[in-house]
file final35.txt (compact mmCIF, C-alpha atoms)
# COMPACT_ATOMS: atom_id res chain seq x y z
CA MET A 1 108.14 -26.12 -8.24
CA LYS A 2 104.43 -26.81 -7.74
CA ARG A 3 103.67 -23.14 -7.29
CA TYR A 4 105.69 -22.31 -10.40
CA ALA A 5 103.86 -24.99 -12.43
CA TRP A 6 100.41 -23.74 -11.38
CA THR A 7 101.31 -20.12 -12.10
CA TYR A 8 102.73 -21.18 -15.48
CA PHE A 9 99.63 -23.12 -16.55
CA ILE A 10 97.25 -20.38 -15.40
CA LEU A 11 99.25 -17.73 -17.30
CA LEU A 12 99.40 -19.99 -20.35
CA GLY A 13 95.60 -20.44 -20.33
CA ILE A 14 94.99 -16.69 -19.94
CA LEU A 15 97.45 -15.75 -22.69
CA PHE A 16 96.00 -18.30 -25.15
CA ALA A 17 92.44 -17.24 -24.31
CA VAL A 18 93.44 -13.64 -25.09
CA GLU A 19 95.33 -14.64 -28.25
CA THR A 20 92.30 -16.43 -29.69
CA LEU A 21 89.91 -13.50 -29.10
CA PRO A 22 88.53 -12.46 -32.50
CA SER A 23 89.65 -8.83 -32.13
CA ILE A 24 93.21 -9.85 -31.15
CA GLN A 25 93.30 -12.32 -34.06
CA VAL A 26 92.34 -9.63 -36.58
CA PHE A 27 94.28 -6.62 -35.35
CA THR A 28 97.36 -8.16 -33.73
CA VAL A 29 97.97 -11.77 -34.80
CA GLY A 30 96.71 -11.16 -38.35
CA ALA A 31 98.81 -8.01 -38.71
CA TRP A 32 101.90 -9.80 -37.35
CA THR A 33 101.35 -12.71 -39.75
CA GLN A 34 101.15 -10.31 -42.68
CA PHE A 35 104.31 -8.53 -41.49
CA LEU A 36 106.12 -11.88 -41.34
CA ALA A 37 104.98 -12.76 -44.87
CA ASP A 38 106.25 -9.39 -46.15
CA LEU A 39 109.52 -9.65 -44.24
CA SER A 40 110.31 -13.23 -45.30
CA GLY A 41 109.32 -12.44 -48.91
CA ASN A 42 111.56 -9.37 -48.99
CA LEU A 43 114.45 -11.28 -47.41
CA MET A 44 114.10 -14.08 -49.95
CA HIS A 45 113.83 -11.58 -52.79
CA ILE A 46 117.39 -10.41 -51.99
CA PHE A 47 118.86 -13.71 -53.15
CA ASP A 48 115.96 -15.08 -55.24
CA SER A 49 114.23 -12.54 -57.51
CA ARG A 50 111.55 -15.08 -58.49
CA VAL A 51 109.92 -14.82 -55.04
CA VAL A 52 107.02 -12.38 -54.75
CA VAL A 53 104.59 -11.67 -51.91
CA GLU A 54 100.87 -11.79 -52.76
CA GLY A 55 98.78 -11.08 -49.69
CA SER A 56 100.08 -13.55 -47.13
CA ASN A 57 101.39 -15.90 -49.83
CA LEU A 58 105.03 -16.35 -50.86
CA LYS A 59 104.93 -17.20 -54.54
CA ASN A 60 107.38 -18.25 -57.22
CA ARG A 61 106.33 -16.10 -60.19
CA GLU A 62 107.89 -18.54 -62.68
CA THR A 63 106.48 -21.85 -61.47
CA GLY A 64 103.40 -20.56 -59.63
CA PHE A 65 104.34 -22.53 -56.50
CA ALA A 66 103.19 -20.74 -53.36
CA VAL A 67 103.09 -21.19 -49.60
CA SER A 68 100.61 -19.36 -47.42
CA ILE A 69 101.61 -17.88 -44.06
CA LYS A 70 98.66 -18.34 -41.72
CA ALA A 71 97.85 -17.95 -38.05
CA GLY A 72 99.76 -20.75 -36.35
CA CYS A 73 102.76 -20.22 -38.66
CA ASN A 74 103.76 -16.96 -37.01
CA GLY A 75 105.65 -18.11 -33.91
CA VAL A 76 103.14 -16.36 -31.64
CA GLU A 77 102.23 -19.58 -29.80
CA ALA A 78 105.87 -20.42 -29.03
CA ALA A 79 106.41 -16.82 -27.91
CA ILE A 80 103.43 -17.13 -25.54
CA ILE A 81 104.81 -20.38 -24.08
CA LEU A 82 108.15 -18.68 -23.43
CA ALA A 83 106.55 -15.51 -22.06
CA ALA A 84 104.42 -17.54 -19.63
CA ALA A 85 107.50 -19.47 -18.44
CA ILE A 86 109.43 -16.23 -17.85
CA LEU A 87 106.52 -14.36 -16.25
CA ALA A 88 105.80 -17.25 -13.86
CA TYR A 89 109.40 -17.32 -12.61
CA PRO A 90 110.18 -15.30 -9.47
CA SER A 91 112.48 -12.64 -10.89
CA GLY A 92 112.68 -8.88 -11.32
CA TRP A 93 110.48 -7.19 -13.89
CA ALA A 94 113.44 -5.70 -15.76
CA LYS A 95 114.97 -9.15 -16.23
CA LYS A 96 111.61 -10.60 -17.20
CA GLY A 97 111.12 -7.83 -19.74
CA LEU A 98 114.59 -8.25 -21.22
CA GLY A 99 114.18 -12.04 -21.33
CA MET A 100 110.85 -11.79 -23.10
CA VAL A 101 112.02 -9.22 -25.66
CA LEU A 102 115.23 -11.08 -26.55
CA GLY A 103 113.54 -14.48 -26.33
CA VAL A 104 110.65 -13.54 -28.61
CA LEU A 105 113.15 -12.00 -31.03
CA ALA A 106 115.16 -15.25 -31.09
CA ILE A 107 112.00 -17.32 -31.65
CA GLN A 108 110.93 -15.05 -34.50
CA CYS A 109 114.39 -15.28 -36.12
CA LEU A 110 114.13 -19.08 -36.09
CA ASN A 111 110.58 -18.81 -37.38
CA LEU A 112 111.79 -16.74 -40.35
CA LEU A 113 114.31 -19.49 -41.08
CA ARG A 114 111.46 -22.01 -40.78
CA ILE A 115 109.26 -20.13 -43.28
CA ILE A 116 112.10 -19.76 -45.80
CA SER A 117 113.18 -23.39 -45.43
CA LEU A 118 109.60 -24.63 -45.86
CA TYR A 119 109.18 -22.60 -49.04
CA TYR A 120 112.25 -24.11 -50.67
CA LEU A 121 111.51 -27.58 -49.31
CA GLY A 122 108.02 -27.35 -50.82
CA GLU A 123 109.41 -26.30 -54.19
CA TRP A 124 111.57 -29.40 -54.13
CA ASN A 125 109.23 -31.98 -52.57
CA GLN A 126 105.62 -31.49 -51.42
CA ALA A 127 105.60 -34.60 -49.20
CA LEU A 128 108.71 -33.45 -47.33
CA LEU A 129 107.14 -30.00 -46.91
CA ASN A 130 104.19 -31.60 -45.10
CA VAL A 131 106.44 -33.69 -42.85
CA ALA A 132 108.65 -30.73 -41.94
CA HIS A 133 105.76 -28.29 -41.58
CA LEU A 134 103.39 -30.42 -39.53
CA TYR A 135 105.69 -32.61 -37.48
CA VAL A 136 109.33 -31.50 -37.34
CA TRP A 137 109.40 -27.69 -37.15
CA PRO A 138 106.86 -27.39 -34.27
CA GLY A 139 109.21 -29.51 -32.14
CA LEU A 140 112.26 -27.46 -33.13
CA ILE A 141 110.55 -24.16 -32.32
CA ILE A 142 109.50 -25.45 -28.89
CA LEU A 143 113.03 -26.75 -28.28
CA ASP A 144 114.28 -23.26 -29.18
CA ALA A 145 111.90 -21.75 -26.60
CA LEU A 146 113.18 -24.22 -23.97
CA ILE A 147 116.83 -23.40 -24.69
CA ILE A 148 116.13 -19.66 -24.52
CA PHE A 149 114.37 -20.16 -21.19
CA LEU A 150 117.28 -22.22 -19.82
CA VAL A 151 119.80 -19.59 -20.90
CA TRP A 152 117.65 -16.87 -19.33
CA LEU A 153 117.40 -18.88 -16.09
CA HIS A 154 121.15 -19.43 -16.09
CA TRP A 155 121.87 -15.71 -16.13
CA GLN A 156 119.61 -14.98 -13.17
CA LYS A 157 121.34 -13.81 -10.01
CA PRO A 158 122.28 -16.68 -7.67
CA ALA A 159 119.81 -15.29 -5.12
CA ASP A 160 117.01 -15.69 -7.66
CA SER A 161 117.97 -19.27 -8.47
CA SER A 162 117.44 -20.32 -4.86
CA ALA A 163 113.81 -19.26 -5.11
CA GLY A 164 113.36 -21.04 -8.41
CA LEU A 165 112.42 -24.42 -9.73
CA ALA A 166 114.40 -26.89 -7.70
CA MET B 1 124.90 -20.37 -24.07
CA THR B 2 126.67 -22.48 -21.44
CA PRO B 3 128.59 -25.63 -22.41
CA LYS B 4 126.11 -27.80 -20.52
CA ILE B 5 123.10 -26.34 -22.33
CA SER B 6 124.97 -26.55 -25.66
CA ARG B 7 125.77 -30.19 -25.04
CA PHE B 8 122.16 -30.95 -24.14
CA LEU B 9 120.96 -29.17 -27.32
CA LEU B 10 123.44 -30.95 -29.59
CA LYS B 11 122.61 -34.35 -28.13
CA THR B 12 118.89 -33.69 -28.52
CA LEU B 13 119.37 -32.61 -32.14
CA ALA B 14 121.42 -35.76 -32.77
CA TRP B 15 118.78 -38.07 -31.28
CA LEU B 16 115.82 -36.33 -32.94
CA PRO B 17 116.17 -37.81 -36.47
CA VAL B 18 116.40 -41.33 -35.00
CA PHE B 19 113.21 -40.95 -33.00
CA TYR B 20 111.37 -39.07 -35.75
CA LEU B 21 112.12 -41.97 -38.08
CA LEU B 22 110.96 -44.61 -35.57
CA TRP B 23 107.85 -42.60 -34.78
CA TYR B 24 107.03 -42.10 -38.47
CA LEU B 25 107.51 -45.78 -39.27
CA THR B 26 105.04 -46.75 -36.54
CA ARG B 27 102.34 -44.32 -37.72
CA GLU B 28 99.86 -47.05 -38.70
CA SER B 29 100.12 -48.75 -35.31
CA GLN B 30 99.66 -45.38 -33.61
CA ALA B 31 96.50 -44.72 -35.64
CA MET B 32 95.12 -48.17 -34.76
CA LEU B 33 95.92 -47.66 -31.07
CA MET B 34 94.23 -44.26 -30.99
CA ALA B 35 91.18 -45.48 -32.92
CA ALA B 36 90.79 -48.31 -30.39
CA ALA B 37 91.31 -45.97 -27.42
CA LEU B 38 88.78 -43.43 -28.68
CA LYS B 39 86.07 -45.89 -29.74
CA PRO B 40 84.48 -46.43 -26.28
CA LEU B 41 84.62 -42.72 -25.45
CA ILE B 42 82.97 -41.73 -28.74
CA GLY B 43 80.39 -44.49 -28.30
CA LEU B 44 79.51 -43.13 -24.85
CA THR B 45 79.29 -39.46 -25.74
CA PHE B 46 78.15 -39.10 -29.36
CA PRO B 47 74.39 -39.38 -30.05
CA VAL B 48 74.94 -41.51 -33.19
CA ASP B 49 77.19 -44.36 -34.24
CA VAL B 50 80.52 -42.91 -35.49
CA PRO B 51 82.40 -45.45 -37.61
CA SER B 52 86.10 -44.84 -38.18
CA LEU B 53 88.55 -45.76 -40.93
CA GLU B 54 92.34 -45.80 -40.58
CA ARG B 55 94.59 -45.07 -43.54
CA GLY B 56 98.24 -44.54 -42.72
CA SER B 57 98.31 -42.05 -39.87
CA VAL B 58 94.92 -40.56 -40.76
CA LEU B 59 91.72 -41.42 -38.92
CA THR B 60 88.50 -40.67 -40.78
CA TYR B 61 85.27 -40.50 -38.80
CA GLY B 62 81.87 -40.61 -40.50
CA ILE B 63 79.04 -38.78 -38.76
CA GLU B 64 75.47 -39.21 -39.96
CA VAL B 65 73.42 -36.08 -39.38
CA PRO B 66 69.62 -36.34 -39.71
CA ALA B 67 68.52 -33.99 -42.54
CA ARG B 68 65.59 -32.70 -40.48
CA LEU B 69 68.11 -31.02 -38.17
CA THR B 70 69.77 -29.06 -40.98
CA ALA B 71 68.74 -25.68 -42.38
CA GLN B 72 67.37 -27.41 -45.51
CA GLY B 73 65.32 -29.97 -43.59
CA GLY B 74 63.71 -32.98 -45.28
CA GLU B 75 64.08 -36.73 -44.99
CA GLY B 76 67.20 -38.88 -44.84
CA SER B 77 70.58 -37.83 -43.55
CA PHE B 78 73.88 -36.20 -44.44
CA LEU B 79 77.16 -38.04 -43.96
CA GLY B 80 79.86 -35.71 -42.75
CA THR B 81 83.47 -36.83 -42.47
CA ILE B 82 86.14 -35.61 -40.09
CA THR B 83 89.78 -36.51 -40.76
CA LEU B 84 92.41 -36.37 -38.03
CA ASP B 85 96.12 -37.04 -38.51
CA VAL B 86 97.35 -38.76 -35.35
CA LEU B 87 100.96 -37.73 -36.07
CA ILE B 88 100.04 -34.08 -35.52
CA TYR B 89 98.94 -34.95 -31.99
CA SER B 90 101.85 -37.25 -31.19
CA CYS B 91 104.73 -35.23 -32.67
CA GLY B 92 105.97 -34.41 -29.16
CA ILE B 93 106.85 -38.06 -28.47
CA PRO B 94 110.09 -38.15 -30.52
CA LEU B 95 111.10 -34.79 -29.01
CA PHE B 96 110.46 -36.14 -25.51
CA MET B 97 112.46 -39.32 -26.21
CA ALA B 98 115.37 -37.31 -27.66
CA MET B 99 115.42 -34.97 -24.66
CA MET B 100 115.22 -37.87 -22.21
CA LEU B 101 118.20 -39.63 -23.76
CA SER B 102 120.12 -36.35 -23.90
CA SER B 103 119.64 -35.83 -20.18
CA LEU B 104 120.93 -39.32 -19.32
CA GLU B 105 123.34 -39.17 -16.42
CA TYR B 106 124.07 -42.48 -14.75
CA ARG B 107 121.58 -45.07 -15.94
CA TRP B 108 118.83 -45.47 -18.50
CA PRO B 109 115.68 -43.79 -17.21
CA TRP B 110 113.28 -46.55 -18.31
CA ARG B 111 110.58 -45.66 -15.80
CA SER B 112 110.66 -41.99 -16.72
CA LEU B 113 110.74 -42.82 -20.43
CA LEU B 114 107.72 -45.12 -20.23
CA GLY B 115 105.90 -42.84 -17.80
CA GLY B 116 106.45 -39.81 -20.00
CA VAL B 117 105.34 -41.58 -23.16
CA ALA B 118 102.24 -42.84 -21.31
CA TRP B 119 101.34 -39.26 -20.32
CA LEU B 120 101.89 -38.06 -23.89
CA LEU B 121 99.74 -40.88 -25.31
CA LEU B 122 97.01 -40.03 -22.83
CA PHE B 123 97.17 -36.42 -23.93
CA GLU B 124 97.14 -37.52 -27.58
CA ALA B 125 93.91 -39.45 -27.09
CA ALA B 126 92.34 -36.51 -25.25
CA ALA B 127 93.47 -34.05 -27.93
CA LEU B 128 92.12 -36.25 -30.73
CA TYR B 129 88.79 -36.51 -28.92
CA VAL B 130 88.56 -32.74 -28.38
CA SER B 131 89.55 -32.16 -32.03
CA LEU B 132 86.88 -34.59 -33.23
CA CYS B 133 84.30 -32.72 -31.12
CA TYR B 134 85.18 -29.21 -32.30
CA ASN B 135 85.56 -30.30 -35.92
CA THR B 136 82.14 -31.94 -35.73
CA LEU B 137 80.70 -28.78 -34.18
CA ASN B 138 82.24 -26.71 -36.98
CA MET B 139 80.74 -29.07 -39.58
CA LEU B 140 77.29 -28.96 -37.95
CA HIS B 141 77.47 -25.17 -37.72
CA THR B 142 78.32 -24.99 -41.45
CA LEU B 143 75.35 -27.23 -42.27
CA GLY B 144 73.08 -24.96 -40.24
CA VAL B 145 72.37 -27.64 -37.63
CA ASP B 146 71.64 -26.74 -34.02
CA THR B 147 74.93 -27.92 -32.51
CA HIS B 148 73.31 -28.74 -29.16
CA TRP B 149 72.40 -32.01 -30.89
CA LEU B 150 76.01 -33.06 -30.20
CA MET B 151 76.23 -33.68 -26.45
CA GLY B 152 74.43 -30.37 -25.80
CA LEU B 153 77.49 -28.41 -26.94
CA PRO B 154 77.07 -24.88 -28.31
CA TRP B 155 79.17 -23.61 -31.25
CA ASN B 156 81.41 -20.68 -30.48
CA ALA B 157 84.03 -19.27 -32.84
CA HIS B 158 86.37 -18.27 -30.00
CA LEU B 159 86.16 -21.62 -28.20
CA SER B 160 86.65 -23.48 -31.47
CA LEU B 161 89.82 -21.50 -32.28
CA PHE B 162 91.04 -21.83 -28.68
CA ALA B 163 90.57 -25.64 -28.79
CA GLN B 164 92.28 -25.87 -32.18
CA THR B 165 95.20 -23.67 -31.12
CA THR B 166 95.86 -25.40 -27.83
CA PHE B 167 95.11 -29.05 -28.64
CA ALA B 168 96.31 -29.34 -32.24
CA LEU B 169 98.96 -26.64 -32.49
CA VAL B 170 100.64 -25.94 -29.20
CA PHE B 171 100.40 -28.77 -26.71
CA PRO B 172 101.56 -31.70 -28.87
CA SER B 173 105.08 -30.23 -28.84
CA ALA B 174 104.95 -28.07 -25.73
CA LEU B 175 103.74 -30.90 -23.54
CA ALA B 176 106.80 -32.95 -24.49
CA VAL B 177 109.02 -30.26 -22.93
CA ILE B 178 106.75 -29.89 -19.89
CA VAL B 179 106.65 -33.67 -19.27
CA TRP B 180 110.42 -33.89 -19.75
CA ALA B 181 110.97 -31.11 -17.19
CA ALA B 182 108.54 -32.80 -14.78
CA PHE B 183 110.41 -36.11 -15.03
CA ASN B 184 113.86 -34.49 -14.75
CA PRO B 185 113.53 -31.71 -12.16
CA ALA B 186 117.08 -32.15 -10.84
CA TYR B 187 118.68 -32.17 -14.31
CA PHE B 188 116.51 -29.22 -15.38
CA SER B 189 117.62 -27.21 -12.36
CA ARG B 190 121.27 -28.10 -12.94
CA LEU B 191 121.02 -27.00 -16.59
CA ALA B 192 119.55 -23.68 -15.54
CA SER B 193 121.62 -23.08 -12.45
CA PRO B 194 124.44 -20.50 -12.66
CA HIS B 195 126.37 -22.61 -10.15
CA ALA B 196 126.28 -25.73 -12.30
CA LYS B 197 129.65 -27.24 -13.00
CA ARG B 198 130.72 -26.33 -16.54
CA VAL B 199 131.72 -29.39 -18.48
call {"tool": "encode", "arguments": {"input": "final35.txt", "output": "structure tokens"}}
result
Amino acid sequence: MKRYAWTYFILLGILFAVETLPSIQVFTVGAWTQFLADLSGNLMHIFDSRVVVEGSNLKNRETGFAVSIKAGCNGVEAAIILAAAILAYPSGWAKKGLGMVLGVLAIQCLNLLRIISLYYLGEWNQALLNVAHLYVWPGLIILDALIIFLVWLHWQKPADSSAGLA
Amino acid sequence: MTPKISRFLLKTLAWLPVFYLLWYLTRESQAMLMAAALKPLIGLTFPVDVPSLERGSVLTYGIEVPARLTAQGGEGSFLGTITLDVLIYSCGIPLFMAMMLSSLEYRWPWRSLLGGVAWLLLFEAAALYVSLCYNTLNMLHTLGVDTHWLMGLPWNAHLSLFAQTTFALVFPSALAVIVWAAFNPAYFSRLASPHAKRV
């Protein structure tokens, strides 16, 4: 457990240091954030034609209400936390790879739901948008990462579980 | 998803609104507690007096910067303000409480509950202090002041973003999960174990 915890924290520090490098922010995190804005805008446009994407903003063209998707809103941090937890665990690389791909995908799906829900919450009530955005959703996304990690751990081979966390 | 994990998730989601409400209702007390906890540390490390004002969950710090240190120069001083919302740094506490009560097995884990909250409060104070420092550095950098004036700290865009990402964005929630796992290693292992009894 101690060894796992140390490996986890070291990996977490390295991954966050890399994520906050200016070049990574511009070319990877920034590009991903823009992709998310486009994707969520296009998804919303299917059932709500008033929604348009302007840069990284989702905007209601009738009321002018807009939310901006910024770094920190893109689920990258939660994905890093999950990736570090999976990478630090003593398991095969194929399982780690599969866990990370499916896990990050699940986190990003929930993040899309988060973006869409925040947009409509903000249209309805600005104060509730702030509460949900700043305090509630970060906890839910992290809880999602924990559940994904637990499910991934559960499907490890029994032999792997003996070398694990307990 | 296994029944045991599903049950843990559903219980946590059921407890969450209760603890979010309690936590939100105590926001003013939290701000007062954090302002009191940070005061001696700020007094020891900042080169000037830094008065604070609490309004709701927001702490506002006033920092007087001598004008001669700025790019413009001259007499007098500038008053910069830094605002910090303590709820952003403590939002892991209701998640931790909800997860603790969802992993109850035989008796109420009072010691673990109090111990975990104490760790999270300690982190909250540290994160607020780090955030005050990097926000002050950002403000000084914008004013064209040599940031070494503040505890000899240099300004660095990467370090500033790293501090903001980790202390204000990630750890407030992530630490709740980490502290919960640290206080419940046996339950955590049972949840994850493929041999766990399905209930």
call {"tool": "closest_residue", "arguments": {"input": "final35.txt", "among": "A:Leu121, A:Ala145, A:Leu58, A:Leu15", "to": "A:His133", "atoms": "all atoms listed in the file"}}
result
A:Leu121
call {"tool": "closest_residue", "arguments": {"input": "final35.txt", "among": "A:Trp93, A:Trp32, A:Trp124, A:Phe9", "to": "chain B", "atoms": "all atoms listed in the file"}}
result
A:Phe9
call {"tool": "closest_residue", "arguments": {"input": "final35.txt", "among": "B:Leu22, B:Leu161, B:Val145, B:Val86", "to": "chain A", "atoms": "all atoms listed in the file"}}
result
B:Leu161
call {"tool": "residues_around", "arguments": {"input": "final35.txt", "residues": "stretch 107-109 of chain A", "least_positions_apart": "5", "cutoff": "12 Å", "atoms": "only C-alpha atoms", "output": "JSON, numbers by chain"}}
result
{"A": [32, 33, 35, 36, 39, 40, 43, 73, 74, 75, 76, 77, 78, 79, 80, 81, 82, 83, 99, 100, 101, 102, 114, 115, 116, 138, 140, 141, 142, 143, 144, 145, 146, 147, 148, 149]}
call {"tool": "write_last_selection", "arguments": {"input": "final35.txt", "atoms": "C-alpha atoms", "output": "compact mmCIF listing (two decimals), in the coordinates of the input"}}
result
# COMPACT_ATOMS: atom_id res chain seq x y z
CA TRP A 32 101.90 -9.80 -37.35
CA THR A 33 101.35 -12.71 -39.75
CA PHE A 35 104.31 -8.53 -41.49
CA LEU A 36 106.12 -11.88 -41.34
CA LEU A 39 109.52 -9.65 -44.24
CA SER A 40 110.31 -13.23 -45.30
CA LEU A 43 114.45 -11.28 -47.41
CA CYS A 73 102.76 -20.22 -38.66
CA ASN A 74 103.76 -16.96 -37.01
CA GLY A 75 105.65 -18.11 -33.91
CA VAL A 76 103.14 -16.36 -31.64
CA GLU A 77 102.23 -19.58 -29.80
CA ALA A 78 105.87 -20.42 -29.03
CA ALA A 79 106.41 -16.82 -27.91
CA ILE A 80 103.43 -17.13 -25.54
CA ILE A 81 104.81 -20.38 -24.08
CA LEU A 82 108.15 -18.68 -23.43
CA ALA A 83 106.55 -15.51 -22.06
CA GLY A 99 114.18 -12.04 -21.33
CA MET A 100 110.85 -11.79 -23.10
CA VAL A 101 112.02 -9.22 -25.66
CA LEU A 102 115.23 -11.08 -26.55
CA ARG A 114 111.46 -22.01 -40.78
CA ILE A 115 109.26 -20.13 -43.28
CA ILE A 116 112.10 -19.76 -45.80
CA PRO A 138 106.86 -27.39 -34.27
CA LEU A 140 112.26 -27.46 -33.13
CA ILE A 141 110.55 -24.16 -32.32
CA ILE A 142 109.50 -25.45 -28.89
CA LEU A 143 113.03 -26.75 -28.28
CA ASP A 144 114.28 -23.26 -29.18
CA ALA A 145 111.90 -21.75 -26.60
CA LEU A 146 113.18 -24.22 -23.97
CA ILE A 147 116.83 -23.40 -24.69
CA ILE A 148 116.13 -19.66 -24.52
CA PHE A 149 114.37 -20.16 -21.19
call {"tool": "interface_residues", "arguments": {"input": "final35.txt", "of": "chain A", "to": "chain B", "cutoff": "8 Å", "atoms": "all atoms listed in the file", "output": "short mmCIF file (atom, residue, chain, number, x, y, z; two decimals) with C-alpha atoms, keeping the file's coordinate frame"}}
result
data_model
loop_
_atom_site.label_atom_id
_atom_site.label_comp_id
_atom_site.auth_asym_id
_atom_site.auth_seq_id
_atom_site.Cartn_x
_atom_site.Cartn_y
_atom_site.Cartn_z
CA PHE A 16 96.00 -18.30 -25.15
CA ALA A 17 92.44 -17.24 -24.31
CA THR A 20 92.30 -16.43 -29.69
CA LEU A 21 89.91 -13.50 -29.10
CA PRO A 22 88.53 -12.46 -32.50
CA GLY A 72 99.76 -20.75 -36.35
CA GLU A 77 102.23 -19.58 -29.80
CA ALA A 78 105.87 -20.42 -29.03
CA ILE A 81 104.81 -20.38 -24.08
CA LEU A 134 103.39 -30.42 -39.53
CA TYR A 135 105.69 -32.61 -37.48
CA VAL A 136 109.33 -31.50 -37.34
CA PRO A 138 106.86 -27.39 -34.27
CA GLY A 139 109.21 -29.51 -32.14
CA ILE A 142 109.50 -25.45 -28.89
CA LEU A 143 113.03 -26.75 -28.28
CA LEU A 146 113.18 -24.22 -23.97
CA ILE A 147 116.83 -23.40 -24.69
CA LEU A 150 117.28 -22.22 -19.82
CA VAL A 151 119.80 -19.59 -20.90
CA LEU A 153 117.40 -18.88 -16.09
CA HIS A 154 121.15 -19.43 -16.09
CA TRP A 155 121.87 -15.71 -16.13
CA GLN A 156 119.61 -14.98 -13.17
CA LYS A 157 121.34 -13.81 -10.01
CA PRO A 158 122.28 -16.68 -7.67
CA SER A 161 117.97 -19.27 -8.47
CA LEU A 165 112.42 -24.42 -9.73
CA ALA A 166 114.40 -26.89 -7.70
#
call {"tool": "atom_distance", "arguments": {"input": "final35.txt", "atom1": "atom CA of A:Glu54", "atom2": "atom CA of A:Ala71"}}
result
16.2 Å
call {"tool": "residues_around", "arguments": {"input": "final35.txt", "residues": "B:Thr136", "least_positions_apart": "3", "cutoff": "12 Å", "atoms": "only C-alpha atoms", "output": "PyMOL selection string"}}
result
chain B and resi 46+50+60-65+79-84+128-133+139-143+145-151+153-155+160
call {"tool": "axis_aligned_box", "arguments": {"input": "final35.txt", "around": "stretch 107-126 of chain B", "padding_each_side": "4 Å", "output": "JSON"}}
result
{"center_x": 107.0, "center_y": -41.5, "center_z": -21.7, "size_x": 37.2, "size_y": 18.1, "size_z": 19.8}
call {"tool": "closest_residue", "arguments": {"input": "final35.txt", "among": "B:Ala35, B:Leu10, B:Met100, B:Ala127", "to": "B:Gly115", "atoms": "all atoms listed in the file"}}
result
B:Met100
call {"tool": "atom_distance", "arguments": {"input": "final35.txt", "atom1": "atom CA of B:Asn156", "atom2": "atom CA of B:Val48"}}
result
22.0 Å
call {"tool": "atom_distance", "arguments": {"input": "final35.txt", "atom1": "atom CA of B:Gly56", "atom2": "atom CA of A:Val131"}}
result
13.6 Å
call {"tool": "residues_around", "arguments": {"input": "final35.txt", "residues": "A:Tyr8", "least_positions_apart": "2", "cutoff": "9 Å", "atoms": "only C-alpha atoms", "output": "MDAnalysis selection string"}}
result
chainID A and resid 3:6 10:13 81 84:89
call {"tool": "write_last_selection", "arguments": {"input": "final35.txt", "atoms": "C-alpha atoms", "output": "CSV table (one decimal), keeping the file's coordinate frame"}}
result
chain,number,residue,atom,x,y,z
A,3,ARG,CA,103.7,-23.1,-7.3
A,4,TYR,CA,105.7,-22.3,-10.4
A,5,ALA,CA,103.9,-25.0,-12.4
A,6,TRP,CA,100.4,-23.7,-11.4
A,10,ILE,CA,97.2,-20.4,-15.4
A,11,LEU,CA,99.2,-17.7,-17.3
A,12,LEU,CA,99.4,-20.0,-20.4
A,13,GLY,CA,95.6,-20.4,-20.3
A,81,ILE,CA,104.8,-20.4,-24.1
A,84,ALA,CA,104.4,-17.5,-19.6
A,85,ALA,CA,107.5,-19.5,-18.4
A,86,ILE,CA,109.4,-16.2,-17.8
A,87,LEU,CA,106.5,-14.4,-16.2
A,88,ALA,CA,105.8,-17.2,-13.9
A,89,TYR,CA,109.4,-17.3,-12.6
call {"tool": "build_atoms", "arguments": {"input": "final35.txt", "residues": "stretch 55-64 of chain A", "atoms": "N, CA and C atoms", "output": "PDB file, keeping the file's coordinate frame"}}
result
ATOM      1  N   GLY A  55      99.546 -10.944 -50.930  1.00  0.00           N
ATOM      2  CA  GLY A  55      98.780 -11.080 -49.690  1.00  0.00           C
ATOM      3  C   GLY A  55      99.668 -11.725 -48.642  1.00  0.00           C
ATOM      4  N   SER A  56      99.215 -12.860 -48.094  1.00  0.00           N
ATOM      5  CA  SER A  56     100.080 -13.550 -47.130  1.00  0.00           C
ATOM      6  C   SER A  56     100.727 -14.783 -47.781  1.00  0.00           C
ATOM      7  N   ASN A  57     100.764 -14.788 -49.111  1.00  0.00           N
ATOM      8  CA  ASN A  57     101.390 -15.900 -49.830  1.00  0.00           C
ATOM      9  C   ASN A  57     102.791 -15.525 -50.317  1.00  0.00           C
ATOM     10  N   LEU A  58     103.712 -16.500 -50.229  1.00  0.00           N
ATOM     11  CA  LEU A  58     105.030 -16.350 -50.860  1.00  0.00           C
ATOM     12  C   LEU A  58     104.956 -17.173 -52.135  1.00  0.00           C
ATOM     13  N   LYS A  59     105.183 -16.524 -53.272  1.00  0.00           N
ATOM     14  CA  LYS A  59     104.930 -17.200 -54.540  1.00  0.00           C
ATOM     15  C   LYS A  59     106.144 -17.122 -55.468  1.00  0.00           C
ATOM     16  N   ASN A  60     106.363 -18.230 -56.171  1.00  0.00           N
ATOM     17  CA  ASN A  60     107.380 -18.250 -57.220  1.00  0.00           C
ATOM     18  C   ASN A  60     106.687 -17.804 -58.500  1.00  0.00           C
ATOM     19  N   ARG A  61     107.069 -16.642 -59.045  1.00  0.00           N
ATOM     20  CA  ARG A  61     106.330 -16.100 -60.190  1.00  0.00           C
ATOM     21  C   ARG A  61     106.589 -16.881 -61.485  1.00  0.00           C
ATOM     22  N   GLU A  62     107.626 -17.723 -61.483  1.00  0.00           N
ATOM     23  CA  GLU A  62     107.890 -18.540 -62.680  1.00  0.00           C
ATOM     24  C   GLU A  62     107.114 -19.843 -62.672  1.00  0.00           C
ATOM     25  N   THR A  63     107.135 -20.540 -61.528  1.00  0.00           N
ATOM     26  CA  THR A  63     106.480 -21.850 -61.470  1.00  0.00           C
ATOM     27  C   THR A  63     105.056 -21.777 -60.919  1.00  0.00           C
ATOM     28  N   GLY A  64     104.726 -20.694 -60.228  1.00  0.00           N
ATOM     29  CA  GLY A  64     103.400 -20.560 -59.630  1.00  0.00           C
ATOM     30  C   GLY A  64     103.300 -21.221 -58.258  1.00  0.00           C
TER      31      GLY A  64
END
